[in-house]
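input34.txt follows; it contains compact mmCIF, C-alpha atoms and all ligand atoms.
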# COMPACT_ATOMS: atom_id res chain seq x y z
CA MET A 615 244.17 -20.46 -47.17
CA ASN A 616 242.55 -18.06 -44.76
CA THR A 617 242.77 -18.49 -41.03
CA ASN A 618 239.56 -18.25 -39.03
CA ARG A 619 240.22 -15.85 -36.20
CA ILE A 620 237.85 -16.50 -33.32
CA ALA A 621 237.47 -14.37 -30.19
CA VAL A 622 236.54 -16.65 -27.29
CA LEU A 623 234.63 -15.13 -24.35
CA PRO A 624 233.93 -17.86 -21.78
CA GLY A 625 232.21 -15.57 -19.24
CA ASP A 626 230.89 -16.62 -15.83
CA GLY A 627 229.44 -19.64 -14.05
CA ILE A 628 229.00 -22.61 -16.35
CA GLY A 629 230.22 -20.42 -19.25
CA PRO A 630 233.90 -21.48 -18.95
CA GLU A 631 232.89 -25.13 -18.36
CA VAL A 632 230.80 -25.45 -21.52
CA MET A 633 233.18 -23.23 -23.48
CA ALA A 634 236.06 -25.63 -22.77
CA GLU A 635 234.06 -28.31 -24.61
CA GLY A 636 233.18 -25.96 -27.49
CA VAL A 637 236.86 -25.10 -27.92
CA LYS A 638 237.80 -28.78 -27.69
CA VAL A 639 235.47 -29.57 -30.59
CA LEU A 640 236.82 -26.74 -32.75
CA LYS A 641 240.40 -27.86 -32.08
CA ALA A 642 239.51 -31.44 -32.99
CA LEU A 643 238.13 -30.26 -36.33
CA ALA A 644 241.22 -28.18 -37.07
CA GLU A 645 243.44 -31.15 -36.25
CA ALA A 646 241.48 -33.50 -38.47
CA ASP A 647 241.09 -31.14 -41.43
CA SER A 648 244.16 -29.15 -42.46
CA SER A 649 242.03 -26.92 -44.69
CA PHE A 650 240.38 -25.55 -41.55
CA GLN A 651 242.83 -23.10 -40.03
CA LEU A 652 241.94 -21.80 -36.62
CA GLU A 653 243.31 -19.09 -34.39
CA MET A 654 241.45 -18.67 -31.12
CA THR A 655 242.09 -15.81 -28.68
CA SER A 656 240.49 -15.94 -25.26
CA PHE A 657 239.31 -12.87 -23.36
CA GLU A 658 238.51 -13.09 -19.66
CA TRP A 659 235.93 -10.31 -19.72
CA ASN A 660 233.55 -11.47 -17.07
CA SER A 661 232.25 -10.56 -13.63
CA ASP A 662 235.67 -11.11 -12.01
CA TYR A 663 237.09 -8.61 -14.48
CA TYR A 664 234.31 -6.19 -13.51
CA LEU A 665 235.03 -6.56 -9.81
CA LYS A 666 238.71 -5.79 -10.48
CA HIS A 667 238.38 -3.02 -13.04
CA GLY A 668 234.92 -1.55 -12.56
CA ARG A 669 233.99 -2.38 -16.14
CA MET A 670 233.09 -5.48 -18.14
CA MET A 671 235.74 -5.00 -20.82
CA PRO A 672 238.60 -2.63 -21.57
CA GLU A 673 237.74 0.75 -23.08
CA ASP A 674 238.92 -0.44 -26.50
CA GLY A 675 237.21 -3.84 -26.12
CA LEU A 676 234.91 -3.43 -29.10
CA THR A 677 237.78 -2.25 -31.27
CA THR A 678 239.69 -5.40 -30.32
CA LEU A 679 236.75 -7.68 -31.11
CA LYS A 680 235.96 -5.93 -34.38
CA ASN A 681 238.93 -7.56 -36.11
CA PHE A 682 237.86 -11.15 -35.50
CA ASP A 683 235.95 -13.32 -37.95
CA ALA A 684 233.52 -14.43 -35.26
CA ILE A 685 232.92 -14.24 -31.52
CA PHE A 686 232.31 -17.44 -29.57
CA PHE A 687 230.59 -16.59 -26.33
CA GLY A 688 229.68 -18.61 -23.22
CA ALA A 689 227.40 -16.94 -20.70
CA LEU A 690 227.53 -14.09 -18.20
CA GLY A 691 225.91 -13.42 -14.86
CA ASP A 692 227.21 -13.49 -11.31
CA ARG A 693 225.36 -12.91 -8.06
CA ARG A 694 228.09 -10.53 -6.82
CA ILE A 695 227.24 -7.85 -9.36
CA PRO A 696 223.94 -6.30 -10.46
CA GLU A 697 222.17 -8.38 -13.14
CA HIS A 698 221.96 -5.58 -15.69
CA ILE A 699 225.72 -4.88 -15.72
CA PRO A 700 226.96 -7.80 -17.89
CA ILE A 701 223.98 -7.38 -20.20
CA TRP A 702 224.30 -3.64 -20.70
CA GLU A 703 228.08 -3.37 -20.55
CA LEU A 704 229.10 -6.36 -22.63
CA ILE A 705 226.37 -8.35 -24.39
CA MET A 706 224.26 -5.41 -25.62
CA PRO A 707 227.23 -3.30 -26.79
CA ILE A 708 228.44 -6.23 -28.89
CA ARG A 709 225.01 -7.02 -30.37
CA LYS A 710 224.11 -3.39 -31.05
CA ASN A 711 227.46 -1.94 -32.16
CA PHE A 712 228.23 -4.89 -34.42
CA ASN A 713 224.78 -4.69 -35.99
CA GLN A 714 223.98 -8.27 -35.03
CA TYR A 715 220.34 -7.58 -35.69
CA VAL A 716 219.30 -11.18 -36.35
CA ASN A 717 219.20 -13.50 -33.37
CA LEU A 718 218.66 -16.89 -34.91
CA ARG A 719 217.40 -19.52 -32.50
CA PRO A 720 216.77 -23.00 -33.87
CA ILE A 721 214.15 -24.98 -31.95
CA LYS A 722 214.91 -28.47 -33.11
CA GLN A 723 214.00 -31.73 -31.46
CA LEU A 724 216.85 -34.20 -31.88
CA PRO A 725 216.07 -37.88 -32.43
CA GLY A 726 215.79 -39.58 -29.05
CA VAL A 727 215.01 -36.42 -27.09
CA LYS A 728 211.60 -36.54 -25.45
CA SER A 729 209.52 -33.41 -25.46
CA PRO A 730 207.53 -32.80 -22.26
CA LEU A 731 204.57 -32.51 -24.63
CA HIS A 732 202.81 -35.29 -26.46
CA THR A 733 203.36 -33.96 -29.94
CA GLU A 734 202.58 -35.54 -33.27
CA GLY A 735 205.69 -34.91 -35.29
CA PRO A 736 209.20 -33.68 -34.64
CA ILE A 737 209.48 -30.07 -33.52
CA ASP A 738 211.71 -28.14 -35.90
CA PHE A 739 211.45 -24.40 -36.43
CA TYR A 740 213.41 -21.18 -36.30
CA VAL A 741 212.77 -18.10 -34.22
CA PHE A 742 214.22 -15.00 -35.86
CA ARG A 743 214.45 -12.52 -33.02
CA GLU A 744 215.12 -8.83 -33.61
CA ASN A 745 218.33 -8.27 -31.71
CA ALA A 746 219.39 -4.63 -31.88
CA GLU A 747 216.44 -2.51 -30.74
CA GLY A 748 212.88 -3.00 -29.49
CA GLU A 749 211.91 -3.41 -25.88
CA TYR A 750 215.52 -3.83 -24.72
CA SER A 751 216.29 -0.15 -24.67
CA ASN A 752 217.96 1.98 -22.04
CA MET A 753 215.69 4.91 -22.81
CA GLY A 754 213.27 6.06 -20.21
CA GLY A 755 213.62 6.89 -16.55
CA ARG A 756 212.30 6.90 -13.06
CA LEU A 757 210.57 9.84 -11.43
CA TYR A 758 209.69 10.60 -7.81
CA GLN A 759 211.91 7.82 -6.53
CA GLN A 760 210.99 6.42 -3.11
CA MET A 761 207.77 8.48 -3.14
CA PRO A 762 204.28 6.98 -3.21
CA GLU A 763 203.88 8.69 -6.62
CA GLU A 764 206.93 6.95 -8.07
CA ILE A 765 206.68 6.17 -11.79
CA ALA A 766 208.89 4.44 -14.32
CA ILE A 767 208.86 4.89 -18.07
CA GLN A 768 210.62 2.43 -20.37
CA ASN A 769 210.69 3.23 -24.05
CA THR A 770 210.48 0.65 -26.80
CA VAL A 771 212.28 1.61 -29.97
CA ILE A 772 210.93 0.15 -33.18
CA THR A 773 212.29 1.43 -36.48
CA LYS A 774 210.90 0.61 -39.88
CA LYS A 775 214.39 -0.17 -41.18
CA GLY A 776 215.21 -2.28 -38.13
CA VAL A 777 212.14 -4.49 -38.53
CA GLN A 778 212.41 -4.70 -42.29
CA ARG A 779 216.01 -5.92 -42.29
CA LEU A 780 215.14 -8.64 -39.74
CA ALA A 781 212.02 -9.62 -41.71
CA ARG A 782 213.94 -9.71 -44.99
CA TYR A 783 216.47 -12.11 -43.48
CA ALA A 784 213.69 -14.39 -42.21
CA PHE A 785 211.75 -14.34 -45.49
CA ASP A 786 214.95 -15.04 -47.45
CA TYR A 787 215.52 -18.05 -45.22
CA ALA A 788 211.89 -19.14 -45.77
CA ARG A 789 212.23 -18.85 -49.54
CA ARG A 790 215.51 -20.80 -49.62
CA ASN A 791 213.93 -23.57 -47.58
CA ASP A 792 210.54 -23.76 -49.32
CA VAL A 793 208.73 -22.53 -46.24
CA THR A 794 205.37 -21.09 -47.28
CA LYS A 795 204.26 -19.46 -44.05
CA VAL A 796 205.98 -17.02 -41.69
CA VAL A 797 204.37 -16.41 -38.32
CA ASN A 798 204.66 -12.86 -37.03
CA ALA A 799 204.63 -12.62 -33.23
CA THR A 800 202.82 -9.43 -32.32
CA LYS A 801 200.62 -7.62 -29.84
CA SER A 802 199.51 -4.70 -31.99
CA ASN A 803 195.98 -4.90 -30.63
CA ALA A 804 197.20 -3.61 -27.26
CA ILE A 805 200.64 -2.07 -27.91
CA ILE A 806 199.42 0.06 -30.76
CA HIS A 807 202.31 2.36 -31.67
CA SER A 808 205.40 0.19 -31.59
CA MET A 809 203.74 -3.08 -32.55
CA GLY A 810 201.64 -1.29 -35.16
CA LEU A 811 204.80 -0.19 -36.95
CA TRP A 812 206.26 -3.66 -36.41
CA ASP A 813 203.33 -5.35 -38.20
CA GLU A 814 203.32 -2.84 -41.07
CA SER A 815 207.05 -3.29 -41.59
CA VAL A 816 206.81 -7.09 -41.61
CA LYS A 817 203.93 -6.92 -44.09
CA ALA A 818 205.85 -4.54 -46.39
CA ILE A 819 208.60 -7.15 -46.66
CA ALA A 820 206.12 -10.04 -46.99
CA ALA A 821 204.72 -8.30 -50.08
CA GLU A 822 208.10 -8.85 -51.77
CA TYR A 823 207.76 -12.63 -51.30
CA PRO A 824 204.67 -13.69 -53.27
CA GLY A 825 204.63 -17.41 -52.44
CA ILE A 826 204.98 -16.87 -48.69
CA GLU A 827 202.04 -16.14 -46.45
CA VAL A 828 202.47 -14.07 -43.29
CA GLU A 829 200.25 -14.89 -40.35
CA ASP A 830 199.98 -12.47 -37.46
CA ALA A 831 199.78 -14.25 -34.12
CA TYR A 832 199.25 -12.45 -30.84
CA ILE A 833 202.05 -13.34 -28.50
CA ASP A 834 199.75 -14.64 -25.76
CA ALA A 835 197.85 -16.97 -28.10
CA LEU A 836 201.11 -17.93 -29.78
CA ALA A 837 202.53 -19.07 -26.43
CA ALA A 838 199.51 -21.37 -26.10
CA HIS A 839 199.98 -22.67 -29.65
CA PHE A 840 203.62 -23.45 -28.88
CA VAL A 841 202.31 -25.91 -26.31
CA GLN A 842 199.33 -27.19 -28.32
CA ARG A 843 200.90 -27.65 -31.76
CA PRO A 844 204.64 -26.85 -31.78
CA GLU A 845 205.21 -29.13 -34.77
CA SER A 846 203.17 -26.77 -36.96
CA PHE A 847 205.69 -23.92 -36.92
CA GLU A 848 208.53 -23.33 -39.36
CA VAL A 849 209.60 -19.68 -39.24
CA ILE A 850 208.70 -17.11 -36.62
CA VAL A 851 209.68 -13.45 -36.59
CA ALA A 852 209.60 -11.75 -33.23
CA SER A 853 210.69 -8.60 -31.46
CA ASN A 854 213.58 -8.62 -29.02
CA LEU A 855 211.50 -9.36 -25.90
CA PHE A 856 208.95 -11.67 -27.54
CA GLY A 857 211.71 -13.60 -29.30
CA ASP A 858 213.64 -13.98 -26.06
CA ILE A 859 210.64 -15.46 -24.27
CA LEU A 860 209.48 -17.64 -27.17
CA SER A 861 212.91 -19.15 -27.62
CA ASP A 862 213.24 -20.18 -23.96
CA LEU A 863 209.76 -21.69 -24.19
CA GLY A 864 210.76 -23.39 -27.44
CA ALA A 865 213.93 -24.70 -25.78
CA ALA A 866 211.85 -26.29 -23.03
CA LEU A 867 209.81 -28.12 -25.69
CA VAL A 868 212.87 -29.77 -27.23
CA GLY A 869 214.90 -30.87 -24.24
CA GLY A 870 215.73 -27.69 -22.36
CA LEU A 871 218.31 -24.92 -22.33
CA GLY A 872 221.19 -27.40 -22.44
CA LEU A 873 220.22 -28.14 -26.04
CA SER A 874 219.54 -24.62 -27.31
CA PRO A 875 222.06 -22.74 -29.43
CA SER A 876 221.87 -19.27 -30.94
CA ALA A 877 223.55 -17.04 -33.48
CA ASN A 878 223.71 -13.25 -33.28
CA LEU A 879 224.15 -12.48 -36.94
CA ASN A 880 225.47 -9.46 -38.76
CA PRO A 881 224.26 -10.47 -42.23
CA GLU A 882 226.24 -7.77 -44.05
CA GLY A 883 229.50 -9.11 -42.62
CA ASP A 884 230.89 -5.66 -41.83
CA PHE A 885 231.30 -6.76 -38.20
CA PRO A 886 231.80 -10.17 -36.61
CA SER A 887 228.78 -12.26 -35.67
CA MET A 888 228.52 -13.89 -32.25
CA PHE A 889 227.56 -17.45 -31.34
CA GLU A 890 226.34 -18.43 -27.88
CA PRO A 891 224.01 -20.85 -26.12
CA VAL A 892 220.57 -19.49 -25.21
CA HIS A 893 221.16 -20.30 -21.55
CA GLY A 894 222.79 -18.10 -18.93
CA SER A 895 225.54 -18.76 -16.39
CA ALA A 896 223.39 -21.19 -14.34
CA PRO A 897 224.87 -20.36 -10.90
CA ASP A 898 222.82 -23.21 -9.39
CA ILE A 899 224.99 -25.83 -11.11
CA ALA A 900 228.21 -23.90 -11.82
CA GLY A 901 231.57 -25.41 -10.88
CA LYS A 902 230.24 -28.96 -10.70
CA GLN A 903 230.86 -30.18 -14.25
CA ALA A 904 227.11 -30.77 -14.36
CA ALA A 905 226.25 -28.43 -17.24
CA ASN A 906 225.27 -29.76 -20.63
CA PRO A 907 227.87 -28.53 -23.17
CA ILE A 908 225.73 -29.39 -26.21
CA ALA A 909 224.13 -25.93 -26.54
CA GLN A 910 227.64 -24.45 -26.69
CA ILE A 911 228.90 -27.08 -29.15
CA TRP A 912 225.79 -26.65 -31.31
CA SER A 913 226.50 -22.89 -31.29
CA ALA A 914 229.95 -23.76 -32.66
CA ALA A 915 228.19 -25.64 -35.46
CA LEU A 916 226.20 -22.49 -36.28
CA MET A 917 229.47 -20.54 -36.27
CA LEU A 918 231.10 -23.02 -38.66
CA GLU A 919 228.21 -22.62 -41.07
CA HIS A 920 228.57 -18.85 -40.86
CA LEU A 921 232.29 -19.18 -41.58
CA GLY A 922 231.46 -21.05 -44.76
CA ARG A 923 232.20 -24.54 -43.44
CA LYS A 924 228.82 -26.21 -43.81
CA ASP A 925 230.65 -29.51 -44.12
CA LEU A 926 232.26 -29.22 -40.67
CA SER A 927 229.03 -27.92 -39.18
CA ALA A 928 227.30 -31.06 -40.45
CA VAL A 929 230.02 -33.23 -38.89
CA VAL A 930 229.45 -31.59 -35.51
CA MET A 931 225.67 -31.90 -35.77
CA LYS A 932 225.91 -35.55 -36.67
CA ALA A 933 228.19 -36.16 -33.68
CA ILE A 934 225.76 -34.35 -31.37
CA GLU A 935 222.85 -36.37 -32.73
CA GLN A 936 224.68 -39.65 -32.27
CA VAL A 937 225.68 -38.86 -28.71
CA VAL A 938 222.16 -37.73 -27.81
CA ALA A 939 220.52 -40.74 -29.47
CA SER A 940 222.85 -43.27 -27.82
CA ALA A 941 222.12 -41.66 -24.43
CA THR A 942 225.28 -43.07 -22.86
CA THR A 943 227.13 -39.91 -21.84
CA LEU A 944 224.48 -37.31 -21.18
CA THR A 945 224.46 -34.75 -18.38
CA PRO A 946 221.86 -34.70 -15.56
CA ASP A 947 219.51 -32.29 -17.39
CA LEU A 948 218.99 -35.13 -19.89
CA LYS A 949 218.67 -37.74 -17.15
CA GLY A 950 222.24 -38.97 -17.52
CA ASN A 951 225.10 -38.94 -15.04
CA ALA A 952 227.97 -37.82 -17.26
CA ARG A 953 230.04 -34.81 -16.43
CA THR A 954 230.38 -31.85 -18.78
CA PHE A 955 233.77 -32.91 -20.13
CA GLU A 956 232.64 -36.50 -20.67
CA THR A 957 229.86 -35.39 -23.00
CA GLY A 958 232.40 -33.18 -24.80
CA ASP A 959 234.91 -36.04 -25.09
CA THR A 960 232.28 -38.38 -26.54
CA ILE A 961 231.31 -35.81 -29.15
CA VAL A 962 234.97 -35.37 -30.09
CA LYS A 963 235.28 -39.16 -30.43
CA GLN A 964 232.31 -39.20 -32.78
CA ILE A 965 233.87 -36.40 -34.81
CA HIS A 966 237.12 -38.35 -35.18
CA GLN A 967 235.18 -41.38 -36.39
CA GLN A 968 233.64 -39.28 -39.14
CA MET A 969 236.81 -37.55 -40.31
P1 LIG B 1001 220.07 -19.85 -16.83
O1 LIG B 1001 219.88 -20.13 -18.27
O2 LIG B 1001 221.44 -19.56 -16.38
O3 LIG B 1001 219.50 -21.09 -15.97
C1 LIG B 1001 218.13 -21.48 -16.00
C2 LIG B 1001 218.02 -22.96 -15.53
O4 LIG B 1001 218.49 -23.82 -16.58
C3 LIG B 1001 218.87 -23.27 -14.33
O5 LIG B 1001 218.18 -24.19 -13.51
C4 LIG B 1001 220.12 -23.91 -14.90
O6 LIG B 1001 220.73 -24.82 -14.04
C5 LIG B 1001 219.58 -24.60 -16.14
N1 LIG B 1001 220.59 -24.64 -17.20
C6 LIG B 1001 221.00 -23.59 -17.96
N2 LIG B 1001 221.96 -23.97 -18.82
C7 LIG B 1001 222.16 -25.28 -18.62
C8 LIG B 1001 223.04 -26.26 -19.19
N3 LIG B 1001 223.92 -25.94 -20.17
N4 LIG B 1001 223.00 -27.52 -18.72
C9 LIG B 1001 222.13 -27.86 -17.75
N5 LIG B 1001 221.27 -27.00 -17.17
C10 LIG B 1001 221.29 -25.72 -17.59
O7 LIG B 1001 219.09 -18.64 -16.49
P2 LIG B 1001 218.88 -17.83 -15.12
O8 LIG B 1001 218.98 -18.76 -13.97
O9 LIG B 1001 217.63 -17.06 -15.32
O10 LIG B 1001 220.07 -16.79 -15.06
C11 LIG B 1001 221.32 -17.02 -14.43
C12 LIG B 1001 222.27 -15.89 -14.79
O11 LIG B 1001 222.54 -15.93 -16.18
C13 LIG B 1001 221.69 -14.51 -14.51
O12 LIG B 1001 222.74 -13.71 -14.03
C14 LIG B 1001 221.22 -14.02 -15.87
O13 LIG B 1001 221.23 -12.63 -16.00
C15 LIG B 1001 222.27 -14.65 -16.75
N6 LIG B 1001 221.87 -14.85 -18.15
C16 LIG B 1001 222.83 -14.60 -19.08
C17 LIG B 1001 222.59 -14.82 -20.41
C18 LIG B 1001 223.69 -14.58 -21.39
O14 LIG B 1001 224.84 -14.58 -21.00
N7 LIG B 1001 223.40 -14.38 -22.66
C19 LIG B 1001 221.34 -15.34 -20.80
C20 LIG B 1001 220.39 -15.63 -19.81
C21 LIG B 1001 220.67 -15.37 -18.48
MN MN B 1002 217.04 -15.18 -22.74
The structure given in the file should be rewritten as structure tokens.
Ligand code: NAD
Ligand code: MN
Amino acid sequence: MNTNRIAVLPGDGIGPEVMAEGVKVLKALAEADSSFQLEMTSFEWNSDYYLKHGRMMPEDGLTTLKNFDAIFFGALGDRRIPEHIPIWELIMPIRKNFNQYVNLRPIKQLPGVKSPLHTEGPIDFYVFRENAEGEYSNMGGRLYQQMPEEIAIQNTVITKKGVQRLARYAFDYARRNDVTKVVNATKSNAIIHSMGLWDESVKAIAAEYPGIEVEDAYIDALAAHFVQRPESFEVIVASNLFGDILSDLGAALVGGLGLSPSANLNPEGDFPSMFEPVHGSAPDIAGKQAANPIAQIWSAALMLEHLGRKDLSAVVMKAIEQVVASATTLTPDLKGNARTFETGDTIVKQIHQQM
């Protein structure tokens, strides 16, 4: 029987608080099911580490992580260090070097969760965000700094291969799930070079999937449609920046960031994939046991599915759904007064009842 080796990176702020609950859930599963072998190794690579060592992770950090089956990540961000440091020195190197080019973000309204919108049906769709290139590039520069003529140039990198592999993953998902329409988030009418190639690359892949229609939607209009008819979407493909924004908006439609998980997938499996909540380190509520751990626990469910344990993933999802629907131990973001660990404990209790 193979052991699942998980690298655990709790991070900053509420990261360690919600991670403790994610780890608790994974341990509960391993205790209840002897066929699920688990070996978790924690790495304190966060802003404290940066303040001590001048870097976000050791020089051989990526080499260390490379050998794990998956990475379970909390959140980073700390007011004491510049905002771009954790992103560019830890999160981006992992996503880019490990070819985690699919950022899968389910936008799913759980039974009992009220959307701030008055929608017809349940909201349930996937944003497939390109995760390795695009607008989040460090190419470009600043000229004439501090002068009235100062200019900044930021390059977007779109590659045909990069878009096609993301699109192929999304269309494969659509085909497996009998989805007949994929919405392509674009802005090729204004951003002609990069988004032009984006659209062409998505269409080239769409041509390989006869029964599936691709609908181009300009990002600005699409944002409006998210609010007007979110229940009409099933699969969306989006660039790095557009996907980032759409998935936070989507999260707000289905109960907020406390209920929004994500998977950074390396579909080829040559490097580990990474699982993390969509939210950040939430310094405004950190250290108070006020954060909702469900996004982190749901991310664990995505990780279990990736590790080939769909059965355990379903157990976790059912436990989350029961706890949310019963509304007894929810955190303040969901109008409850439970603390982070209480929500985690209740989910673990539900898991034990199922196993
Ligand atoms: P954020 O997601 O941390 O917080 C946004 C709002 O949502 C806050 O009001 C926060 O209290 C609330 N919130 C977030 N998660 C919650 C949870 N689990 N339960 C209850 N409420 C929750 O975004 P921000 O405020 O824009 O950024 C804070 C820091 O996080 C910044 O340093 C930013 O760079 C970083 N960040 C990191 C990641 C990441 O690690 N992948 C992602 C986004 C932001
Ligand atoms: Mn984001």
Kindly indicate which residue among A:Arg843, A:Lys638, A:His966, A:Arg693 lies nearest to ligand LIG 1001 (chain B), using all atoms listed in the file for the distances.
A:Arg693
Nearby polymer residues, ligand LIG 1001 (chain B), at most 9 Å, all atoms listed in the file, as a ChimeraX atom specification:
/A:625-629,632,687-693,695-701,705,862,870-874,890-900,904-910,945-948,954
Fewer than 5 positions away in the same chain doesn't count, so skip those; otherwise give me all residues within 12 Å of Asp925 of chain A, counting all atoms listed in the file, as a PyMOL selection string.
chain A and resi 643+647+649-650+915-920+930-932+968-969
Since we have the selection now, will you write its residues out, keeping C-alpha atoms, as a short mmCIF file (atom, residue, chain, number, x, y, z; two decimals), in the frame of the given file?
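Output file again_25.cif is given in full below:
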data_model
loop_
_atom_site.label_atom_id
_atom_site.label_comp_id
_atom_site.auth_asym_id
_atom_site.auth_seq_id
_atom_site.Cartn_x
_atom_site.Cartn_y
_atom_site.Cartn_z
CA LEU A 643 238.13 -30.26 -36.33
CA ASP A 647 241.09 -31.14 -41.43
CA SER A 649 242.03 -26.92 -44.69
CA PHE A 650 240.38 -25.55 -41.55
CA ALA A 915 228.19 -25.64 -35.46
CA LEU A 916 226.20 -22.49 -36.28
CA MET A 917 229.47 -20.54 -36.27
CA LEU A 918 231.10 -23.02 -38.66
CA GLU A 919 228.21 -22.62 -41.07
CA HIS A 920 228.57 -18.85 -40.86
CA VAL A 930 229.45 -31.59 -35.51
CA MET A 931 225.67 -31.90 -35.77
CA LYS A 932 225.91 -35.55 -36.67
CA GLN A 968 233.64 -39.28 -39.14
CA MET A 969 236.81 -37.55 -40.31
#
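We find atom CA of Glu653 of chain A and atom CA of Asn717 of chain A to be spaced 24.8 Å apart.
Atom to atom, atom CA of Leu811 of chain A and atom CA of Phe739 of chain A stand 25.1 Å apart.
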Hey, what's within 6 Å of segment 814-822 of chain A if we count all atoms listed in the file and toss same-chain stuff fewer than 3 positions away? As a ChimeraX atom specification, please?
/A:774,778,781,811
Nearest to ligand MN 1002 (chain B), restricted to all atoms listed in the file and choosing among A:His839, A:Arg923, A:Arg669, A:Arg719, comes out as A:Arg719
For ligand MN 1002 (chain B), which residue among A:Val938, A:Met706, A:Ile859, A:Ile911 is the nearest when counting all atoms listed in the file?
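Between A:Val938, A:Met706, A:Ile859, A:Ile911, the residue approaching ligand MN 1002 (chain B) most closely is A:Ile859.
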Can you tell me how far atom CA of Arg790 of chain A sits from atom CA of Gln714 of chain A, in Å to one decimal?
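A separation of 21.0 Å between them.
Of the listed residues A:Asn854, A:Gln842, A:Ser887, A:Asn880, the one whose atoms come nearest to ligand MN 1002 (chain B) is A:Asn854, with distances taken using all atoms listed in the file.
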What lies within 6 Å of Val828 of chain A using all atoms listed in the file, ignoring chain neighbours under 2 positions off, as a ChimeraX atom specification?
/A:795-797
Considering all atoms listed in the file, can you say which of A:Ile772, A:Asn745, A:Ser913, A:Ala939 comes closest to ligand MN 1002 (chain B)?
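Smallest separation from ligand MN 1002 (chain B) among the options: A:Asn745.
Here the question is which of A:Leu652, A:Val741, A:Leu623, A:Leu921 gets nearest to Gly675 of chain A using all atoms listed in the file, and that residue is A:Leu623.
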Give me the residues near Asn681 of chain A as a PyMOL selection string, where near means some atom within 12 Å (using only C-alpha atoms) and where sequence neighbours in that chain fewer than 3 positions away do not count.
chain A and resi 618-621+655+674-678+684-685+712+883-887
Mind filling out segment 715-730 of chain A with N, CA and C atoms and sending it as a compact mmCIF listing (two decimals), in the coordinates of the input?
# COMPACT_ATOMS: atom_id res chain seq x y z
N TYR A 715 221.77 -7.84 -35.87
CA TYR A 715 220.34 -7.58 -35.69
C TYR A 715 219.48 -8.82 -35.83
N VAL A 716 220.06 -9.93 -36.29
CA VAL A 716 219.30 -11.18 -36.35
C VAL A 716 219.77 -12.11 -35.24
N ASN A 717 218.87 -12.45 -34.33
CA ASN A 717 219.20 -13.50 -33.37
C ASN A 717 218.46 -14.75 -33.81
N LEU A 718 219.22 -15.67 -34.35
CA LEU A 718 218.66 -16.89 -34.91
C LEU A 718 218.67 -17.98 -33.85
N ARG A 719 217.50 -18.51 -33.55
CA ARG A 719 217.40 -19.52 -32.50
C ARG A 719 216.65 -20.75 -33.02
N PRO A 720 217.42 -21.78 -33.40
CA PRO A 720 216.77 -23.00 -33.87
C PRO A 720 216.10 -23.73 -32.71
N ILE A 721 214.87 -24.15 -32.92
CA ILE A 721 214.15 -24.98 -31.95
C ILE A 721 213.96 -26.32 -32.63
N LYS A 722 214.88 -27.22 -32.35
CA LYS A 722 214.91 -28.47 -33.11
C LYS A 722 214.98 -29.66 -32.16
N GLN A 723 214.03 -30.54 -32.31
CA GLN A 723 214.00 -31.73 -31.46
C GLN A 723 214.89 -32.80 -32.08
N LEU A 724 215.94 -33.18 -31.37
CA LEU A 724 216.85 -34.20 -31.88
C LEU A 724 216.24 -35.58 -31.68
N PRO A 725 216.59 -36.52 -32.59
CA PRO A 725 216.07 -37.88 -32.43
C PRO A 725 216.47 -38.43 -31.06
N GLY A 726 215.50 -39.00 -30.36
CA GLY A 726 215.79 -39.58 -29.05
C GLY A 726 215.50 -38.65 -27.89
N VAL A 727 215.33 -37.35 -28.18
CA VAL A 727 215.01 -36.42 -27.09
C VAL A 727 213.50 -36.34 -26.93
N LYS A 728 213.05 -36.59 -25.71
CA LYS A 728 211.60 -36.54 -25.45
C LYS A 728 211.18 -35.11 -25.17
N SER A 729 210.11 -34.69 -25.79
CA SER A 729 209.52 -33.41 -25.46
C SER A 729 208.61 -33.63 -24.25
N PRO A 730 208.49 -32.64 -23.36
CA PRO A 730 207.53 -32.80 -22.26
C PRO A 730 206.09 -32.83 -22.78
